[in-house]
$ cat coords_33.pdb   # PDB, C-alpha atoms, pLDDT in the B column
ATOM      1  CA  MET A   1     -46.126   9.253  10.675  1.00 56.00           C
ATOM      2  CA  ARG A   2     -44.097  10.454  13.565  1.00 61.00           C
ATOM      3  CA  PRO A   3     -42.714   8.055  16.202  1.00 60.00           C
ATOM      4  CA  GLY A   4     -45.173   7.400  19.015  1.00 58.00           C
ATOM      5  CA  ALA A   5     -48.236   8.242  16.857  1.00 57.00           C
ATOM      6  CA  ARG A   6     -51.330   6.129  17.249  1.00 59.00           C
ATOM      7  CA  LEU A   7     -53.026   4.271  14.472  1.00 57.00           C
ATOM      8  CA  PRO A   8     -56.724   4.994  14.074  1.00 59.00           C
ATOM      9  CA  GLY A   9     -58.678   2.445  16.071  1.00 58.00           C
ATOM     10  CA  LYS A  10     -55.583   1.129  17.812  1.00 58.00           C
ATOM     11  CA  GLY A  11     -54.637   1.996  21.376  1.00 57.00           C
ATOM     12  CA  SER A  12     -50.886   1.346  21.236  1.00 53.00           C
ATOM     13  CA  PRO A  13     -48.293   3.702  19.808  1.00 55.00           C
ATOM     14  CA  LEU A  14     -46.410   2.675  16.702  1.00 54.00           C
ATOM     15  CA  ALA A  15     -43.106   1.069  17.436  1.00 53.00           C
ATOM     16  CA  THR A  16     -40.254   2.382  15.382  1.00 59.00           C
ATOM     17  CA  GLN A  17     -38.694  -0.610  13.770  1.00 62.00           C
ATOM     18  CA  THR A  18     -35.178  -0.893  12.523  1.00 61.00           C
ATOM     19  CA  PRO A  19     -34.460  -3.490   9.887  1.00 59.00           C
ATOM     20  CA  PRO A  20     -32.854  -6.590  11.361  1.00 56.00           C
ATOM     21  CA  ALA A  21     -29.168  -7.079  10.751  1.00 56.00           C
ATOM     22  CA  ALA A  22     -28.288  -9.665   8.181  1.00 58.00           C
ATOM     23  CA  PRO A  23     -27.585 -12.996   9.842  1.00 55.00           C
ATOM     24  CA  GLY A  24     -23.875 -13.691   9.993  1.00 57.00           C
ATOM     25  CA  ALA A  25     -22.920 -10.486   8.218  1.00 55.00           C
ATOM     26  CA  GLU A  26     -19.336 -10.947   9.297  1.00 57.00           C
ATOM     27  CA  ASP A  27     -19.209 -14.266   7.439  1.00 55.00           C
ATOM     28  CA  VAL A  28     -20.452 -12.871   4.136  1.00 60.00           C
ATOM     29  CA  ALA A  29     -17.782 -12.671   1.476  1.00 59.00           C
ATOM     30  CA  PRO A  30     -16.890  -9.079   0.670  1.00 59.00           C
ATOM     31  CA  ARG A  31     -17.639  -7.951  -2.851  1.00 65.00           C
ATOM     32  CA  ARG A  32     -14.546  -8.303  -5.002  1.00 62.00           C
ATOM     33  CA  SER A  33     -13.454  -5.423  -7.146  1.00 65.00           C
ATOM     34  CA  ASP A  34     -11.050  -6.193  -9.957  1.00 70.00           C
ATOM     35  CA  ARG A  35     -10.458  -2.548 -10.719  1.00 80.00           C
ATOM     36  CA  SER A  36      -6.942  -2.317  -9.405  1.00 82.00           C
ATOM     37  CA  PRO A  37      -4.349  -0.131 -11.120  1.00 87.00           C
ATOM     38  CA  TRP A  38      -1.965  -3.073 -10.862  1.00 88.00           C
ATOM     39  CA  ASN A  39      -3.973  -4.811 -13.598  1.00 90.00           C
ATOM     40  CA  TRP A  40      -2.614  -2.323 -16.142  1.00 91.00           C
ATOM     41  CA  LEU A  41       0.766  -4.071 -15.845  1.00 92.00           C
ATOM     42  CA  LEU A  42      -0.765  -7.070 -17.588  1.00 92.00           C
ATOM     43  CA  LEU A  43      -0.561  -5.098 -20.831  1.00 94.00           C
ATOM     44  CA  VAL A  44       3.246  -5.125 -20.727  1.00 94.00           C
ATOM     45  CA  PRO A  45       3.727  -8.783 -21.787  1.00 94.00           C
ATOM     46  CA  ILE A  46       1.157  -8.264 -24.535  1.00 94.00           C
ATOM     47  CA  VAL A  47       2.587  -5.071 -26.011  1.00 95.00           C
ATOM     48  CA  VAL A  48       6.331  -5.728 -25.702  1.00 94.00           C
ATOM     49  CA  PRO A  49       6.401  -8.738 -28.077  1.00 92.00           C
ATOM     50  CA  LEU A  50       4.557  -6.627 -30.639  1.00 93.00           C
ATOM     51  CA  LEU A  51       7.522  -4.251 -30.867  1.00 92.00           C
ATOM     52  CA  VAL A  52       9.170  -5.821 -33.919  1.00 90.00           C
ATOM     53  CA  PRO A  53      12.363  -3.705 -33.855  1.00 90.00           C
ATOM     54  CA  LEU A  54      13.342  -5.463 -30.616  1.00 87.00           C
ATOM     55  CA  TYR A  55      13.981  -8.769 -32.369  1.00 82.00           C
ATOM     56  CA  ASN A  56      14.378  -7.852 -36.017  1.00 83.00           C
ATOM     57  CA  ALA A  57      18.039  -8.835 -36.104  1.00 84.00           C
ATOM     58  CA  VAL A  58      20.269 -11.890 -35.772  1.00 80.00           C
ATOM     59  CA  ASP A  59      22.884 -10.422 -33.454  1.00 84.00           C
ATOM     60  CA  PRO A  60      23.532 -10.701 -30.588  1.00 88.00           C
ATOM     61  CA  THR A  61      23.384 -14.469 -30.335  1.00 85.00           C
ATOM     62  CA  LEU A  62      23.080 -16.338 -27.056  1.00 85.00           C
ATOM     63  CA  PHE A  63      24.436 -19.913 -27.062  1.00 88.00           C
ATOM     64  CA  ASP A  64      24.395 -19.702 -30.874  1.00 88.00           C
ATOM     65  CA  TRP A  65      20.698 -18.856 -30.862  1.00 87.00           C
ATOM     66  CA  PRO A  66      19.663 -15.818 -32.910  1.00 89.00           C
ATOM     67  CA  ARG A  67      18.113 -12.951 -31.017  1.00 87.00           C
ATOM     68  CA  PHE A  68      14.581 -13.831 -32.190  1.00 88.00           C
ATOM     69  CA  TYR A  69      14.579 -17.227 -30.434  1.00 88.00           C
ATOM     70  CA  TRP A  70      16.131 -16.329 -27.101  1.00 90.00           C
ATOM     71  CA  LEU A  71      14.097 -13.130 -26.907  1.00 92.00           C
ATOM     72  CA  GLN A  72      10.909 -15.225 -27.159  1.00 92.00           C
ATOM     73  CA  LEU A  73      12.006 -17.010 -23.980  1.00 93.00           C
ATOM     74  CA  VAL A  74      12.637 -13.639 -22.333  1.00 93.00           C
ATOM     75  CA  PHE A  75       9.100 -12.606 -23.277  1.00 94.00           C
ATOM     76  CA  VAL A  76       7.708 -15.739 -21.608  1.00 96.00           C
ATOM     77  CA  ALA A  77       9.674 -14.959 -18.445  1.00 96.00           C
ATOM     78  CA  LEU A  78       8.421 -11.357 -18.590  1.00 96.00           C
ATOM     79  CA  GLY A  79       4.826 -12.595 -18.785  1.00 96.00           C
ATOM     80  CA  VAL A  80       5.293 -14.964 -15.843  1.00 97.00           C
ATOM     81  CA  ALA A  81       6.969 -12.278 -13.718  1.00 96.00           C
ATOM     82  CA  THR A  82       4.333  -9.660 -14.536  1.00 96.00           C
ATOM     83  CA  THR A  83       1.431 -12.029 -13.852  1.00 95.00           C
ATOM     84  CA  SER A  84       2.978 -13.120 -10.541  1.00 95.00           C
ATOM     85  CA  LEU A  85       3.518  -9.532  -9.449  1.00 94.00           C
ATOM     86  CA  VAL A  86      -0.041  -8.480 -10.304  1.00 92.00           C
ATOM     87  CA  TYR A  87      -1.450 -11.543  -8.526  1.00 91.00           C
ATOM     88  CA  ARG A  88       0.488 -10.839  -5.338  1.00 91.00           C
ATOM     89  CA  MET A  89      -0.365  -7.152  -5.311  1.00 89.00           C
ATOM     90  CA  THR A  90      -4.104  -7.659  -5.917  1.00 88.00           C
ATOM     91  CA  ARG A  91      -4.904 -10.707  -3.818  1.00 84.00           C
ATOM     92  CA  ARG A  92      -7.212 -10.346  -0.847  1.00 80.00           C
ATOM     93  CA  PRO A  93      -5.935 -10.030   2.706  1.00 82.00           C
ATOM     94  CA  ALA A  94      -6.024 -13.255   4.747  1.00 83.00           C
ATOM     95  CA  ALA A  95      -9.080 -12.180   6.757  1.00 83.00           C
ATOM     96  CA  GLU A  96     -11.112 -11.573   3.587  1.00 81.00           C
ATOM     97  CA  ARG A  97     -10.034 -14.917   2.110  1.00 78.00           C
ATOM     98  CA  GLU A  98     -11.151 -16.723   5.284  1.00 84.00           C
ATOM     99  CA  ALA A  99     -14.508 -14.898   5.285  1.00 85.00           C
ATOM    100  CA  ALA A 100     -15.027 -15.812   1.642  1.00 81.00           C
ATOM    101  CA  ALA A 101     -14.218 -19.456   2.350  1.00 84.00           C
ATOM    102  CA  ARG A 102     -16.672 -19.539   5.282  1.00 86.00           C
ATOM    103  CA  ALA A 103     -19.379 -17.904   3.174  1.00 85.00           C
ATOM    104  CA  ALA A 104     -18.802 -20.371   0.354  1.00 84.00           C
ATOM    105  CA  THR A 105     -19.099 -23.385   2.642  1.00 85.00           C
ATOM    106  CA  ARG A 106     -22.267 -21.980   4.222  1.00 80.00           C
ATOM    107  CA  GLY A 107     -23.699 -21.365   0.773  1.00 69.00           C
ATOM    108  CA  ARG A 108     -23.203 -25.026  -0.144  1.00 72.00           C
ATOM    109  CA  GLU A 109     -24.647 -26.300   3.149  1.00 67.00           C
ATOM    110  CA  GLY A 110     -27.722 -24.124   3.344  1.00 56.00           C
TER     111      GLY A 110
END

$ encode --input "coords_33.pdb" --output "structure tokens"
Amino acid sequence: MRPGARLPGKGSPLATQTPPAAPGAEDVAPRRSDRSPWNWLLLVPIVVPLLVPLYNAVDPTLFDWPRFYWLQLVFVALGVATTSLVYRMTRRPAAEREAAARAATRGREG
């Protein structure tokens, strides 16, 4: 039907209705997408320790530790650094975090 048309048997024109806006739409948490290219960096601390030629030797030693042992500690540090970098680069802006917190508290209350 076109706007302003009359229903059969009714004397008033049809009112064009727009759907109501969602209540508190600005407080709704935005949908989170975890499809960031930064997440590909998380493969580095998984793949690097699998490269056996990196630590398949005794020399050089560090504080009398063979390469295998001190390189394991380097791999742990690499994992921590990579995870920290990806976290910082993919975290939400402050405004989105606040909106998500407000939406979460409203969800628990009502």

$ closest_residue --input "coords_33.pdb" --among "A:Leu71, A:Ala101, A:Ala94, A:Ala81" --to "Leu51 (chain A)" --atoms "only C-alpha atoms"
A:Leu71

$ closest_residue --input "coords_33.pdb" --among "A:Leu78, A:Leu73, A:Ala104, A:Val86" --to "Val47 (chain A)" --atoms "all atoms listed in the file"
A:Leu78

$ resolve_selection --input "coords_33.pdb" --expression "the PyMOL selection byres ((chain A and resi 45) around 9)" --output "list in words"
Leu41, Leu42, Leu43, Val44, Ile46, Val47, Val48, Pro49, Phe75, Val76, Leu78, Gly79, Val80, Thr82 and Thr83 of chain A

$ atom_distance --input "coords_33.pdb" --atom1 "CA of Trp38 (chain A)" --atom2 "CA of Met89 (chain A)"
7.1 Å

$ atom_distance --input "coords_33.pdb" --atom1 "CA of Asp34 (chain A)" --atom2 "CA of Thr90 (chain A)"
8.2 Å

$ atom_distance --input "coords_33.pdb" --atom1 "CA of Arg92 (chain A)" --atom2 "CA of Arg106 (chain A)"
19.7 Å

$ closest_residue --input "coords_33.pdb" --among "A:Ala100, A:Asp59, A:Val52, A:Tyr87" --to "Ser36 (chain A)" --atoms "all atoms listed in the file"
A:Tyr87

$ residues_around --input "coords_33.pdb" --residues "Ala57 (chain A)" --least-positions-apart "4" --cutoff "9 Å" --atoms "only C-alpha atoms" --output "list in words"
Pro53, Pro66, Arg67 and Phe68 of chain A

$ write_last_selection --input "coords_33.pdb" --atoms "C-alpha atoms" --output "compact mmCIF listing (two decimals), keeping the file's coordinate frame"
# COMPACT_ATOMS: atom_id res chain seq x y z
CA PRO A 53 12.36 -3.70 -33.85
CA PRO A 66 19.66 -15.82 -32.91
CA ARG A 67 18.11 -12.95 -31.02
CA PHE A 68 14.58 -13.83 -32.19
